[in-house]
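S.K.: Take a look at run.txt, compact mmCIF, C-alpha atoms and all ligand atoms:
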# COMPACT_ATOMS: atom_id res chain seq x y z
CA MET A 1 -9.94 18.99 -4.13
CA ASP A 2 -12.53 16.21 -4.01
CA ALA A 3 -12.50 13.55 -1.29
CA ARG A 4 -11.65 10.74 -3.70
CA ARG A 5 -8.38 12.37 -4.71
CA ARG A 6 -7.51 13.33 -1.13
CA GLY A 7 -7.82 9.70 -0.08
CA LEU A 8 -5.83 8.46 -3.13
CA GLU A 9 -8.96 6.46 -4.01
CA ASP A 10 -8.41 4.29 -7.10
CA VAL A 11 -4.84 5.65 -7.46
CA VAL A 12 -2.54 2.84 -8.57
CA ILE A 13 0.86 3.33 -6.92
CA GLY A 14 2.71 0.41 -8.49
CA THR A 15 2.41 -3.28 -9.20
CA SER A 16 2.19 -6.21 -6.80
CA ALA A 17 1.76 -9.96 -7.21
CA VAL A 18 1.09 -10.67 -3.52
CA SER A 19 -2.68 -10.39 -3.17
CA TRP A 20 -5.63 -9.27 -5.30
CA VAL A 21 -8.70 -7.46 -4.00
CA GLY A 22 -11.76 -7.61 -6.26
CA GLY A 23 -13.78 -4.74 -4.81
CA GLU A 24 -16.71 -4.99 -7.21
CA THR A 25 -17.04 -8.76 -7.04
CA GLY A 26 -16.14 -9.35 -3.40
CA GLN A 27 -13.05 -11.46 -4.04
CA LEU A 28 -9.66 -11.79 -2.39
CA SER A 29 -6.81 -14.04 -3.48
CA TYR A 30 -3.27 -14.63 -2.26
CA ARG A 31 -0.84 -15.24 -5.14
CA GLY A 32 -3.85 -16.25 -7.25
CA TYR A 33 -5.42 -18.64 -4.70
CA ASP A 34 -8.90 -17.72 -3.49
CA ILE A 35 -8.99 -16.81 0.21
CA ALA A 36 -11.66 -19.44 0.96
CA ASP A 37 -9.36 -22.09 -0.51
CA VAL A 38 -6.39 -20.80 1.51
CA VAL A 39 -8.34 -20.81 4.78
CA GLY A 40 -9.79 -24.26 4.08
CA HIS A 41 -6.38 -25.82 3.40
CA LEU A 42 -3.45 -23.92 4.83
CA GLY A 43 -2.29 -23.16 8.35
CA TYR A 44 -0.54 -19.88 9.07
CA GLU A 45 2.99 -21.10 8.30
CA ALA A 46 1.83 -22.41 4.92
CA THR A 47 -0.03 -19.15 4.22
CA ALA A 48 3.12 -17.20 5.08
CA HIS A 49 5.03 -19.46 2.68
CA LEU A 50 2.47 -18.77 -0.04
CA LEU A 51 2.61 -15.01 0.47
CA ILE A 52 6.38 -14.66 0.89
CA VAL A 53 7.81 -17.40 -1.34
CA GLY A 54 5.00 -17.05 -3.86
CA THR A 55 3.85 -20.68 -4.03
CA PRO A 56 2.05 -23.03 -1.63
CA PRO A 57 4.53 -25.27 0.19
CA ALA A 58 5.02 -28.80 -1.09
CA ARG A 59 4.30 -30.10 2.41
CA ASN A 60 1.67 -28.82 4.79
CA PRO A 61 2.75 -27.59 7.28
CA PRO A 62 6.02 -26.60 5.57
CA ILE A 63 8.45 -28.41 7.90
CA ASP A 64 11.52 -26.26 7.18
CA LEU A 65 9.69 -22.95 7.51
CA PHE A 66 7.81 -24.23 10.58
CA ARG A 67 11.13 -25.06 12.30
CA ASP A 68 12.83 -21.90 11.11
CA LEU A 69 10.03 -19.68 12.44
CA ALA A 70 9.85 -21.62 15.71
CA SER A 71 13.62 -21.26 16.26
CA ARG A 72 13.42 -17.45 16.01
CA ARG A 73 10.76 -16.82 18.66
CA GLY A 74 13.11 -15.84 21.50
CA LEU A 75 13.66 -12.13 22.13
CA PRO A 76 17.09 -10.50 22.50
CA PRO A 77 17.58 -9.45 26.17
CA SER A 78 17.58 -5.77 25.18
CA VAL A 79 14.09 -6.16 23.70
CA GLU A 80 12.84 -8.03 26.77
CA ALA A 81 14.16 -5.19 28.93
CA VAL A 82 12.32 -2.57 26.85
CA VAL A 83 9.02 -4.51 26.99
CA ASP A 84 9.40 -5.11 30.73
CA ALA A 85 10.03 -1.41 31.36
CA LEU A 86 6.69 -0.37 29.87
CA ASP A 87 3.98 0.99 32.12
CA ARG A 88 1.24 -1.61 32.61
CA ARG A 89 -1.35 0.87 31.36
CA THR A 90 0.38 1.04 27.96
CA LEU A 91 -1.98 0.06 25.14
CA PRO A 92 -0.93 -3.39 23.87
CA MET A 93 -0.73 -2.01 20.32
CA ASP A 94 1.79 0.59 21.54
CA ALA A 95 3.68 -2.11 23.45
CA LEU A 96 3.91 -4.22 20.29
CA ARG A 97 5.10 -1.25 18.23
CA THR A 98 7.71 -0.39 20.88
CA GLY A 99 8.93 -3.98 21.21
CA ILE A 100 9.22 -4.39 17.45
CA SER A 101 11.01 -1.06 17.19
CA ALA A 102 13.42 -2.08 19.95
CA GLY A 103 14.37 -5.06 17.78
CA GLY A 104 15.93 -2.58 15.37
CA ILE A 105 18.56 -1.74 17.96
CA VAL A 106 19.87 -5.28 17.53
CA GLY A 107 20.17 -4.60 13.82
CA SER A 108 18.08 -4.81 10.69
CA PRO A 109 20.05 -3.09 7.93
CA TYR A 110 18.54 -2.23 4.55
CA PRO A 111 17.60 -4.07 2.41
CA PRO A 112 15.20 -6.38 4.23
CA THR A 113 16.01 -10.05 3.84
CA PHE A 114 13.95 -13.24 4.08
CA GLU A 115 15.63 -13.95 7.44
CA GLN A 116 14.81 -10.50 8.83
CA GLY A 117 11.22 -11.13 7.73
CA LEU A 118 11.09 -14.43 9.61
CA ASP A 119 12.49 -12.68 12.71
CA LEU A 120 9.69 -10.12 12.51
CA ILE A 121 6.94 -12.73 12.11
CA SER A 122 8.35 -14.96 14.88
CA ARG A 123 9.20 -12.35 17.49
CA ALA A 124 6.08 -10.21 17.27
CA PRO A 125 3.86 -12.72 19.16
CA THR A 126 6.54 -13.12 21.84
CA VAL A 127 6.66 -9.35 22.38
CA LEU A 128 2.88 -9.09 22.67
CA ALA A 129 2.46 -12.15 24.90
CA ARG A 130 5.30 -11.03 27.18
CA PHE A 131 3.70 -7.62 27.63
CA GLU A 132 0.25 -9.15 28.20
CA ARG A 133 1.56 -11.51 30.91
CA ARG A 134 3.51 -8.73 32.55
CA ARG A 135 0.56 -6.35 32.76
CA ARG A 136 -1.44 -9.13 34.43
CA GLY A 137 1.42 -9.56 36.93
CA LEU A 138 2.34 -13.01 35.54
CA PRO A 139 5.75 -14.38 34.53
CA PRO A 140 6.46 -14.77 30.78
CA VAL A 141 5.82 -18.15 29.19
CA PRO A 142 8.74 -19.28 27.01
CA PRO A 143 7.97 -20.10 23.36
CA ASP A 144 7.17 -23.76 22.69
CA PRO A 145 9.02 -24.89 19.52
CA GLU A 146 6.75 -27.94 19.18
CA LEU A 147 3.65 -25.79 18.67
CA GLY A 148 2.60 -24.00 15.52
CA HIS A 149 2.79 -20.22 15.29
CA VAL A 150 -0.77 -19.50 16.41
CA ALA A 151 -1.08 -22.19 19.10
CA ASN A 152 2.24 -21.04 20.55
CA PHE A 153 1.00 -17.43 20.71
CA LEU A 154 -2.09 -18.48 22.67
CA LYS A 155 0.02 -20.63 24.99
CA MET A 156 2.41 -17.73 25.63
CA VAL A 157 -0.56 -15.51 26.53
CA GLU A 158 -2.51 -18.03 28.61
CA GLY A 159 0.20 -20.21 30.11
CA ALA A 160 -1.42 -23.50 29.04
CA GLU A 161 -1.79 -25.34 25.76
CA PRO A 162 -4.99 -24.03 24.13
CA ASP A 163 -7.82 -26.29 22.96
CA PRO A 164 -7.88 -27.14 19.23
CA LEU A 165 -11.17 -25.35 18.44
CA ARG A 166 -9.85 -21.98 19.60
CA VAL A 167 -6.54 -22.55 17.78
CA TRP A 168 -8.49 -23.39 14.62
CA ALA A 169 -10.58 -20.23 14.93
CA LEU A 170 -7.59 -17.97 15.57
CA GLU A 171 -5.46 -19.60 12.88
CA SER A 172 -8.30 -19.14 10.38
CA TYR A 173 -8.47 -15.47 11.41
CA PHE A 174 -4.67 -15.16 10.92
CA ASP A 175 -5.00 -16.62 7.41
CA ILE A 176 -7.95 -14.39 6.53
CA VAL A 177 -6.21 -11.13 7.44
CA ALA A 178 -2.63 -12.07 6.48
CA ASP A 179 -2.63 -9.72 3.50
CA HIS A 180 -4.93 -7.32 1.69
CA GLY A 181 -3.58 -5.42 -1.31
CA MET A 182 -2.51 -1.81 -0.86
CA ASN A 183 -4.16 -1.17 2.48
CA ALA A 184 -3.03 1.80 4.61
CA SER A 185 -0.53 -0.08 6.78
CA THR A 186 1.09 -1.89 3.85
CA PHE A 187 1.32 1.43 2.02
CA ALA A 188 2.98 3.00 5.09
CA LEU A 189 5.46 0.08 5.19
CA ARG A 190 6.29 0.52 1.50
CA VAL A 191 6.73 4.29 1.80
CA VAL A 192 9.31 3.81 4.58
CA LEU A 193 11.17 1.09 2.68
CA SER A 194 11.16 3.18 -0.48
CA THR A 195 13.53 5.63 1.25
CA ASN A 196 15.97 2.70 1.74
CA SER A 197 15.09 2.59 5.42
CA ASP A 198 15.01 -0.75 7.24
CA LEU A 199 12.32 -3.37 7.82
CA VAL A 200 11.95 -2.71 11.55
CA SER A 201 11.32 0.98 10.93
CA ALA A 202 8.85 0.12 8.17
CA ALA A 203 7.01 -2.42 10.36
CA SER A 204 6.81 0.13 13.18
CA ALA A 205 5.18 2.61 10.78
CA ALA A 206 2.81 -0.09 9.55
CA ILE A 207 1.72 -0.89 13.11
CA GLY A 208 1.10 2.82 13.67
CA ALA A 209 -1.15 2.96 10.61
CA LEU A 210 -2.98 -0.23 11.55
CA LYS A 211 -3.81 1.12 15.00
CA GLY A 212 -6.45 3.63 13.89
CA PRO A 213 -10.16 2.72 14.00
CA LEU A 214 -10.58 3.41 10.28
CA HIS A 215 -8.19 0.47 9.72
CA GLY A 216 -7.32 -2.20 12.32
CA GLY A 217 -8.61 -0.52 15.46
CA ALA A 218 -12.28 -1.17 14.69
CA PRO A 219 -13.07 -4.60 16.26
CA GLU A 220 -12.83 -3.68 19.93
CA ARG A 221 -15.20 -0.81 19.14
CA VAL A 222 -17.58 -3.29 17.46
CA LEU A 223 -17.93 -5.12 20.78
CA ASP A 224 -18.34 -1.85 22.69
CA LEU A 225 -21.14 -0.99 20.26
CA LEU A 226 -22.86 -4.36 20.69
CA ASP A 227 -22.60 -4.05 24.47
CA ARG A 228 -24.09 -0.56 24.34
CA VAL A 229 -27.15 -1.62 22.34
CA ARG A 230 -27.79 -4.84 24.27
CA GLU A 231 -30.45 -3.23 26.49
CA VAL A 232 -31.78 -0.83 23.85
CA PRO A 233 -35.42 -1.72 23.00
CA ASP A 234 -35.39 -0.18 19.50
CA VAL A 235 -32.00 -1.01 17.95
CA ALA A 236 -33.05 0.11 14.46
CA GLY A 237 -34.07 3.52 15.88
CA TRP A 238 -30.77 3.73 17.78
CA ILE A 239 -28.81 3.04 14.59
CA ALA A 240 -30.83 5.62 12.64
CA GLU A 241 -30.11 8.23 15.31
CA ALA A 242 -26.39 7.38 15.35
CA LEU A 243 -26.24 7.79 11.56
CA ALA A 244 -28.16 11.06 11.80
CA ARG A 245 -25.46 12.26 14.24
CA LYS A 246 -22.94 11.33 11.50
CA GLU A 247 -21.45 8.55 13.63
CA ARG A 248 -19.73 5.68 11.81
CA LEU A 249 -20.82 2.13 12.49
CA MET A 250 -17.70 0.16 13.21
CA GLY A 251 -17.33 -2.98 11.11
CA PHE A 252 -19.18 -1.54 8.10
CA GLY A 253 -17.94 0.12 4.93
CA HIS A 254 -14.73 -0.41 3.04
CA ARG A 255 -12.65 1.62 0.63
CA ALA A 256 -12.15 -1.28 -1.77
CA TYR A 257 -15.27 -3.44 -1.42
CA LYS A 258 -18.52 -2.17 -2.92
CA VAL A 259 -20.17 -5.54 -2.16
CA GLU A 260 -19.69 -7.73 0.91
CA ASP A 261 -16.08 -8.20 2.01
CA PRO A 262 -15.37 -11.92 1.38
CA ARG A 263 -13.52 -12.05 4.69
CA ALA A 264 -16.71 -11.03 6.52
CA GLN A 265 -18.50 -14.08 5.17
CA LEU A 266 -15.68 -16.45 6.18
CA LEU A 267 -15.47 -14.94 9.66
CA ARG A 268 -19.28 -15.06 10.06
CA GLU A 269 -19.12 -18.83 9.46
CA ILE A 270 -16.29 -19.23 11.97
CA ALA A 271 -18.08 -17.02 14.52
CA GLU A 272 -21.19 -19.19 14.26
CA LYS A 273 -19.09 -22.21 15.24
CA VAL A 274 -17.14 -20.70 18.14
CA ALA A 275 -19.05 -17.75 19.60
CA ARG A 276 -21.59 -17.90 22.41
CA PRO A 277 -24.95 -18.44 20.66
CA ASP A 278 -26.49 -15.34 22.24
CA ARG A 279 -23.54 -13.17 21.12
CA PHE A 280 -23.69 -14.55 17.58
CA ARG A 281 -27.46 -14.01 17.41
CA GLN A 282 -27.12 -10.44 18.65
CA ALA A 283 -24.35 -9.70 16.12
CA ARG A 284 -26.41 -11.16 13.28
CA GLN A 285 -29.48 -9.11 14.24
CA PHE A 286 -27.45 -5.92 14.59
CA GLU A 287 -25.75 -6.55 11.24
CA GLU A 288 -29.08 -6.94 9.45
CA LEU A 289 -30.54 -3.77 11.00
CA ALA A 290 -27.35 -1.80 10.35
CA LEU A 291 -27.24 -2.84 6.69
CA GLU A 292 -30.88 -1.90 6.26
CA GLU A 293 -30.31 1.57 7.77
CA LEU A 294 -27.04 2.15 5.90
CA ARG A 295 -28.70 1.28 2.60
CA ARG A 296 -31.66 3.52 3.37
CA LYS A 297 -29.59 6.49 4.59
CA ARG A 298 -26.49 6.17 2.37
CA PRO A 299 -27.47 4.35 -0.82
CA ASP A 300 -24.72 6.33 -2.60
CA GLN A 301 -21.98 4.69 -0.51
CA ARG A 302 -22.71 0.96 -1.01
CA LEU A 303 -21.76 0.17 2.60
CA ASN A 304 -21.50 -3.49 3.60
CA THR A 305 -20.17 -5.58 6.47
CA ASN A 306 -16.38 -5.52 6.55
CA VAL A 307 -13.79 -7.92 7.97
CA GLU A 308 -13.73 -6.28 11.40
CA PHE A 309 -17.34 -6.96 12.40
CA TYR A 310 -17.07 -10.73 12.73
CA ALA A 311 -13.35 -10.56 13.51
CA ALA A 312 -14.50 -8.99 16.78
CA ILE A 313 -16.88 -11.87 17.49
CA VAL A 314 -14.25 -14.50 16.65
CA LEU A 315 -11.49 -12.88 18.72
CA GLU A 316 -13.86 -12.53 21.67
CA ALA A 317 -14.75 -16.21 21.38
CA VAL A 318 -11.05 -17.10 21.29
CA GLY A 319 -10.85 -15.38 24.66
CA LEU A 320 -8.47 -12.51 23.92
CA PRO A 321 -9.01 -9.22 25.78
CA ARG A 322 -10.47 -6.47 23.59
CA ASP A 323 -7.41 -4.25 23.54
CA LEU A 324 -5.38 -7.21 22.23
CA PHE A 325 -7.48 -7.32 19.04
CA PRO A 326 -5.55 -4.65 17.08
CA PRO A 327 -2.09 -6.04 17.90
CA THR A 328 -3.32 -9.56 17.16
CA PHE A 329 -4.36 -8.27 13.74
CA ALA A 330 -0.83 -6.89 13.38
CA LEU A 331 0.70 -10.29 14.22
CA ALA A 332 -1.37 -11.90 11.47
CA ARG A 333 -0.50 -9.16 8.98
CA THR A 334 3.29 -9.55 9.45
CA ALA A 335 3.36 -12.29 6.77
CA GLY A 336 1.81 -9.91 4.24
CA TRP A 337 4.09 -7.05 5.29
CA VAL A 338 7.17 -9.21 4.79
CA ALA A 339 5.97 -10.31 1.34
CA HIS A 340 5.40 -6.66 0.37
CA ALA A 341 8.73 -5.55 1.85
CA LEU A 342 10.69 -8.06 -0.23
CA GLU A 343 8.67 -7.14 -3.32
CA GLN A 344 9.21 -3.39 -2.74
CA VAL A 345 12.99 -3.59 -2.50
CA ARG A 346 13.33 -5.84 -5.56
CA ASP A 347 12.33 -2.90 -7.76
CA ASN A 348 12.44 0.13 -5.51
CA ARG A 349 11.75 3.73 -6.36
CA LEU A 350 11.23 6.48 -3.78
CA ILE A 351 7.48 6.92 -3.13
CA ARG A 352 7.05 10.66 -2.95
CA PRO A 353 3.69 12.04 -4.05
CA ASP A 354 2.85 15.70 -4.53
CA VAL A 355 0.34 18.02 -2.93
CA GLU A 356 -1.69 20.87 -4.37
CA TYR A 357 -0.49 23.99 -2.53
CA THR A 358 -3.40 26.14 -1.32
CA GLY A 359 -1.56 28.58 1.01
CA PRO A 360 -0.69 32.20 0.31
CA SER A 361 2.33 33.28 -1.72
CA GLY A 362 4.62 36.29 -2.19
CA LEU A 363 4.34 37.50 1.44
CA ARG A 364 7.20 39.52 2.99
CA LEU A 365 7.89 40.02 6.70
CA PRO A 366 7.63 43.72 7.66
CA ALA A 367 11.00 45.50 7.99
CA ASN A 368 10.38 46.07 11.73
CA HIS A 369 9.57 42.39 12.44
CA PRO A 370 11.91 41.25 15.29
CA ARG A 371 14.99 39.62 13.80
CA ARG A 372 16.54 36.51 15.24
CA ASP A 373 19.70 36.84 17.25
CA SER A 374 22.63 37.16 14.82
CA GLY A 375 24.77 35.08 17.20
CA SER A 376 27.52 37.68 17.56
N1 LIG B 401 -20.94 4.12 9.09
C1 LIG B 401 -21.55 5.26 8.73
N2 LIG B 401 -21.18 6.03 7.69
C2 LIG B 401 -20.14 5.58 6.97
C3 LIG B 401 -19.45 4.40 7.27
C4 LIG B 401 -19.90 3.65 8.38
N3 LIG B 401 -19.30 2.53 8.75
N4 LIG B 401 -18.45 4.21 6.38
C5 LIG B 401 -18.49 5.27 5.56
N5 LIG B 401 -19.51 6.09 5.91
C6 LIG B 401 -19.86 7.37 5.29
C7 LIG B 401 -18.94 8.46 5.81
O1 LIG B 401 -19.42 9.05 6.99
C8 LIG B 401 -18.89 9.43 4.66
O2 LIG B 401 -20.04 10.26 4.74
P1 LIG B 401 -20.03 11.78 4.20
O3 LIG B 401 -19.87 11.66 2.71
O4 LIG B 401 -21.36 12.31 4.63
O5 LIG B 401 -18.87 12.46 4.87
C9 LIG B 401 -19.02 8.52 3.45
O6 LIG B 401 -19.62 7.29 3.89
C10 LIG B 401 -17.67 8.21 2.81
O7 LIG B 401 -16.75 7.87 3.84
P2 LIG B 401 -15.18 7.81 3.59
O8 LIG B 401 -14.50 7.68 4.91
O9 LIG B 401 -14.75 8.91 2.69
O10 LIG B 401 -15.08 6.48 2.72
P3 LIG B 401 -13.93 5.40 2.74
O11 LIG B 401 -13.98 4.66 1.48
O12 LIG B 401 -12.64 6.03 3.07
O13 LIG B 401 -14.41 4.49 3.97
C11 LIG B 401 -13.80 3.29 5.91
C12 LIG B 401 -13.74 3.36 4.39
C13 LIG B 401 -12.81 4.33 6.47
C14 LIG B 401 -13.39 1.91 6.36
C15 LIG B 401 -15.24 3.63 6.42
O14 LIG B 401 -16.19 2.79 5.80
C16 LIG B 401 -15.37 3.56 7.92
O15 LIG B 401 -15.01 4.53 8.61
N6 LIG B 401 -15.88 2.40 8.49
C17 LIG B 401 -16.01 2.26 9.91
C18 LIG B 401 -14.68 1.88 10.55
C19 LIG B 401 -14.27 0.45 10.19
O16 LIG B 401 -15.07 -0.46 10.14
N7 LIG B 401 -12.95 0.28 9.97
C20 LIG B 401 -12.37 -1.02 9.56
C21 LIG B 401 -12.17 -1.05 8.07
S1 LIG B 401 -11.59 -2.64 7.51
C22 LIG B 401 -9.91 -2.59 7.65
O17 LIG B 401 -9.26 -1.59 7.46
C23 LIG B 401 -9.19 -3.81 8.04
Take the structure in this file and express it as structure tokens.
M.R.:
Amino acid sequence: MDARRRGLEDVVIGTSAVSWVGGETGQLSYRGYDIADVVGHLGYEATAHLLIVGTPPARNPPIDLFRDLASRRGLPPSVEAVVDALDRRTLPMDALRTGISAGGIVGSPYPPTFEQGLDLISRAPTVLARFERRRRGLPPVPPDPELGHVANFLKMVEGAEPDPLRVWALESYFDIVADHGMNASTFALRVVLSTNSDLVSAASAAIGALKGPLHGGAPERVLDLLDRVREVPDVAGWIAEALARKERLMGFGHRAYKVEDPRAQLLREIAEKVARPDRFRQARQFEELALEELRRKRPDQRLNTNVEFYAAIVLEAVGLPRDLFPPTFALARTAGWVAHALEQVRDNRLIRPDVEYTGPSGLRLPANHPRRDSGS
């Protein structure tokens, strides 16, 4: 079977009105609004409103949703206990998945509701920040209901109110990655919900799918890559050799986009404003050399910069540790997941694809093959 079919490439698995990905034209819109417009106008609460309710809020920020989300940030004691019991060496992405999953113990029956969705969006940053503080040997910082979603997350991680430039950069990042069509983690979420399982189980599966480097686990590896080539005299030669070894360049290539990912352009602009100038310059130079080599070596693949390349530069400039990048992506994506969850259960049908069987058939075990104990 060819690779395209194995990866369900171009297979349409249903309908959705949440977000549109224009792979050939490099476009992304949420509920019909271009992503550049969303990022330029809306904060994260308003973007969540747009994705979940379906329309931009009348007021910005949406006061009711802002207060509702802020009031749900506290964790049930049983969840706090689970997060606190984790080994400090646990990967933050695993800690987030475990903390979210522990929330299911408190109850999240099928079908998912708007309120369950708000709980997921609101509690996820508290889980992650609590774990981050704990592994650094610091006490948790309680949620601040006066702060917006993103500023509160940074405060819970750092222990002090963050400066507006970093909040702006991180909030823009949250908006930019809040949803993205039928990506792997959203698909995983929908598959779980399609069995009439609950939102917490579906979100746990989605986090699991997002963790891999072919999806949301790429940005920390982008920085590792940039660090590795910092002292290399011939970066173009280094890239050519890496491609010859069949290595993948993190932050390049995308299943949907055959031209530049529009999110890469937005994040490049943000990175230029907030990153250290030497880091931004290095990233820009590496990007240009990588694109040149990718186009020379793999003209068939139409590989371009994807969202994760400059996401890495922005998240580094915000000051988050590298292994917090994937779970921070997950926090941002919760708004999209909730929108998809509510859409899935409105018109649900079990998602159950088929597989082409390629194993043997008609085999019989020999008569003298040891038989299992009959139990008598
Ligand atoms: N560097 C080098 N080669 C690449 C890259 C890359 N970044 N991306 C794809 N290729 C090559 C593959 O090696 C493969 O080569 P082959 O035909 O010789 O085996 C060919 O292009 C096709 O690759 P597939 O994985 O089949 O294509 P797909 O459409 O599934 O690729 C993907 C999408 C997985 C994102 C890929 O481009 C990749 O691995 N990129 C690097 C990791 C990355 O940046 N991940 C973040 C993606 S964005 C997101 O999910 C939020």
S.K.: Taking all atoms listed in the file into account, report as a ChimeraX atom specification which residues have an atom no farther than 8 Å from an atom of ligand LIG 401 (chain B).
M.R.: /A:3-4,7,9,177,183-184,210,213-219,243,246-256,294,298,301,303,306-309
S.K.: For stretch 144-152 of chain A, list every protein, DNA or RNA residue within 10 Å, evaluated using only C-alpha atoms, and leave out those in the same chain fewer than 4 positions away; present the list as a short mmCIF file (atom, residue, chain, number, x, y, z; two decimals) with C-alpha atoms, keeping the file's coordinate frame.
M.R.:
data_model
loop_
_atom_site.label_atom_id
_atom_site.label_comp_id
_atom_site.auth_asym_id
_atom_site.auth_seq_id
_atom_site.Cartn_x
_atom_site.Cartn_y
_atom_site.Cartn_z
CA GLY A 43 -2.29 -23.16 8.35
CA TYR A 44 -0.54 -19.88 9.07
CA GLU A 45 2.99 -21.10 8.30
CA PRO A 61 2.75 -27.59 7.28
CA PHE A 66 7.81 -24.23 10.58
CA ARG A 67 11.13 -25.06 12.30
CA ASP A 68 12.83 -21.90 11.11
CA LEU A 69 10.03 -19.68 12.44
CA ALA A 70 9.85 -21.62 15.71
CA SER A 71 13.62 -21.26 16.26
CA ARG A 72 13.42 -17.45 16.01
CA ARG A 73 10.76 -16.82 18.66
CA GLY A 74 13.11 -15.84 21.50
CA ILE A 121 6.94 -12.73 12.11
CA SER A 122 8.35 -14.96 14.88
CA PRO A 125 3.86 -12.72 19.16
CA THR A 126 6.54 -13.12 21.84
CA ALA A 129 2.46 -12.15 24.90
CA MET A 156 2.41 -17.73 25.63
CA VAL A 157 -0.56 -15.51 26.53
CA GLU A 158 -2.51 -18.03 28.61
CA GLY A 159 0.20 -20.21 30.11
CA ALA A 160 -1.42 -23.50 29.04
CA GLU A 161 -1.79 -25.34 25.76
CA PRO A 162 -4.99 -24.03 24.13
CA ASP A 163 -7.82 -26.29 22.96
CA PRO A 164 -7.88 -27.14 19.23
CA ARG A 166 -9.85 -21.98 19.60
CA VAL A 167 -6.54 -22.55 17.78
CA TRP A 168 -8.49 -23.39 14.62
CA ALA A 169 -10.58 -20.23 14.93
CA LEU A 170 -7.59 -17.97 15.57
CA GLU A 171 -5.46 -19.60 12.88
CA SER A 172 -8.30 -19.14 10.38
CA PHE A 174 -4.67 -15.16 10.92
CA LEU A 331 0.70 -10.29 14.22
CA ALA A 332 -1.37 -11.90 11.47
#
S.K.: Enumerate, as a compact mmCIF listing (two decimals) with C-alpha atoms, in the coordinates of the input, the protein, DNA and RNA residues whose atoms approach (8.5, 11.2, -4.9) to within 12 Å, taking into account only C-alpha atoms and the coordinate frame of the file.
M.R.:
# COMPACT_ATOMS: atom_id res chain seq x y z
CA ILE A 13 0.86 3.33 -6.92
CA VAL A 191 6.73 4.29 1.80
CA SER A 194 11.16 3.18 -0.48
CA THR A 195 13.53 5.63 1.25
CA ASN A 348 12.44 0.13 -5.51
CA ARG A 349 11.75 3.73 -6.36
CA LEU A 350 11.23 6.48 -3.78
CA ILE A 351 7.48 6.92 -3.13
CA ARG A 352 7.05 10.66 -2.95
CA PRO A 353 3.69 12.04 -4.05
CA ASP A 354 2.85 15.70 -4.53
CA VAL A 355 0.34 18.02 -2.93
S.K.: Got a sec: who's within 9 Å of A:Thr186, counting all atoms listed in the file, leaving out chain neighbours fewer than 2 positions off, as an NGL selection string?
M.R.: :A and (179-184 or 188-191 or 203 or 206 or 209-210 or 336-337 or 340-341)
S.K.: Can those selected residues be exported to a file as a tab-separated table (two decimals), in the coordinates of the input so that it contains C-alpha atoms?
M.R.:
chain	number	residue	atom	x	y	z
A	179	ASP	CA	-2.63	-9.72	3.50
A	180	HIS	CA	-4.93	-7.32	1.69
A	181	GLY	CA	-3.58	-5.42	-1.31
A	182	MET	CA	-2.51	-1.81	-0.86
A	183	ASN	CA	-4.16	-1.17	2.48
A	184	ALA	CA	-3.03	1.80	4.61
A	188	ALA	CA	2.98	3.00	5.09
A	189	LEU	CA	5.46	0.08	5.19
A	190	ARG	CA	6.29	0.52	1.50
A	191	VAL	CA	6.73	4.29	1.80
A	203	ALA	CA	7.01	-2.42	10.36
A	206	ALA	CA	2.81	-0.09	9.55
A	209	ALA	CA	-1.15	2.96	10.61
A	210	LEU	CA	-2.98	-0.23	11.55
A	336	GLY	CA	1.81	-9.91	4.24
A	337	TRP	CA	4.09	-7.05	5.29
A	340	HIS	CA	5.40	-6.66	0.37
A	341	ALA	CA	8.73	-5.55	1.85
S.K.: Using all atoms listed in the file for the distances, tell me which of A:Val192, A:Val259, A:Ile63, A:Ile313 is nearest to A:Pro277.
M.R.: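 That would be A:Ile313, the residue with the smallest distance to A:Pro277.
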S.K.: Within 9 Å of A:Leu120, counting only C-alpha atoms, which residues show up once you throw out same-chain ones fewer than 4 positions away? Write them as a count of residues only, please.
M.R.: 12
S.K.: Given the choices A:Leu75, A:Ala58, A:Leu91, A:Leu138, which gets closest to A:Asp119 if the distance is worked out from all atoms listed in the file?
M.R.: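 Smallest separation from A:Asp119 among the options: A:Leu75.
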S.K.: Leaving out A:Pro326 and any residue of its chain fewer than 2 positions from it, which residues lie within 7 Å of it when counting only C-alpha atoms, given as a VMD selection string?
M.R.: chain A and resid 93 211 216 to 217 323 to 324 328 to 330
